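Inspection log for the structure reproduced underneath, given as structure tokens.
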Amino acid sequence: MCGITGFWSFTERLSGFSFDRIVQEMADQLTSRGPDSSGTWWEKEAHLAFGHRRLAIVDLSATGHQPMTSLSGRFVVTYNGEIYNAPDLHENLVAKGYSFRGTSDTEVILAACEAYGVEDAVKQLIGMFAFALWDARDRKLHLVRDRSGVKPLYWGLHQQTLFFGSQLKSFRPHPLWRPEPRTLR
């Protein structure tokens, strides 16, 4: 189990705040989901930030650290879950000429998105998962959850900012997250 969180602000209202500090505090709310390491990534021009708390299971090395950027730099992901068919997908992707830094299923997701496009890649994933994927070329954020909804992925739109994460409590440290009580039904 890992913890993911992040935000995408549609305005420049965060200009006085530190993206890194905010998203790190958001990720710290998820320490129980991922005690092994934490990471952040942000793109200031897009007003987008990802936070991650890691429970290392598949690839215990630093090559499995997240958020993770694809080898081409096009995609960035923060991911929670397990892709059961990752070894088969990995083999197919290597045959297509893709290379990998480590053995994590996170890298397989990124390479599959590069090879097949996001929608077709997700259709091939068998497992339990939730992730946020930024496409830097097309400037699109994808929030993806497994078909059965095993891994949690909460989201909310408040004050021109999209919040997302494994648990609602990860939204609290953000300075613009001040929902009315009825919002959290």
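Chains: A, B, ... in order of the structure tokens. Residues: from 1 per chain. Ligands: from 1, in order shown.
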Which residues are near Tyr79 of chain A? Cut-off 7 Å, only C-alpha atoms, ignore same chain within fewer than 6 positions. Put them as a short mmCIF file (atom, residue, chain, number, x, y, z; two decimals) with N, CA and C atoms, in the first residue's frame.
```cif
data_model
loop_
_atom_site.label_atom_id
_atom_site.label_comp_id
_atom_site.auth_asym_id
_atom_site.auth_seq_id
_atom_site.Cartn_x
_atom_site.Cartn_y
_atom_site.Cartn_z
N ILE A 4 -0.91 8.34 -2.39
CA ILE A 4 -0.71 9.36 -3.42
C ILE A 4 -1.56 10.58 -3.08
N THR A 106 5.66 0.43 -11.66
CA THR A 106 5.46 1.84 -11.98
C THR A 106 6.09 2.18 -13.33
N ALA A 130 -4.45 2.79 -8.39
CA ALA A 130 -4.95 4.16 -8.53
C ALA A 130 -3.72 5.01 -8.81
N PHE A 131 -3.83 5.91 -9.78
CA PHE A 131 -2.69 6.78 -10.04
C PHE A 131 -3.11 8.08 -10.69
N ALA A 132 -2.24 9.06 -10.53
CA ALA A 132 -2.35 10.33 -11.22
C ALA A 132 -1.20 10.38 -12.21
#
```
Next on the checklist: Give me, as a ChimeraX atom specification, the residues of segment 23-145 of chain A that a backbone DSSP run labels strand (DSSP E).
Outcome noted: /A:37-43,48-54,68-69,75-83,127-135,140-145
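Around segment 24-35 of chain A, within 6 Å and counting only C-alpha atoms, the residues found are Met1, Cys2, Gly3, Asp20, Gly51, His52, Arg53, Arg54, Leu55, Ser170 and Pro173 of chain A, once anything fewer than 4 positions away on its own chain is removed.
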Next on the checklist: Here is a test: counting only C-alpha atoms, which residue of A:Arg137, A:Arg21, A:His47, A:His65 is nearest to Leu162 of chain A?
Outcome noted: A:His47
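Pairwise distance (atom CA of Ala136 of chain A, atom CA of Asp120 of chain A) equals 18.1 Å.
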Item to check | Distance query Arg74 of chain A at most 12 Å, only C-alpha atoms, self and fewer than 6 positions along chain excluded, as a list of chain:residue names | outcome: A:Met68, A:Leu110, A:Ala111, A:Cys113, A:Glu114, A:Ala115, A:Gly117, A:Val118, A:Leu133, A:Trp134, A:Asp135, A:Ala136, A:Arg137, A:Asp138, A:Arg139, A:Lys140, A:Leu141
Item to check | One-decimal distance in Å that lies between atom CA of Trp155 of chain A and atom CA of Ser9 of chain A | outcome: 13.1 Å
Item to check | For segment 85-101 of chain A: contacts at 9 Å, only C-alpha atoms, fewer than 5 positions along chain excluded, given as a list in words | outcome: Thr63, Gly64, Leu71, Thr106, Glu107, Val108, Ile109, Ala111, Ala112, Ala115, Gln124, Leu125, Ile126 and Gly127 of chain A
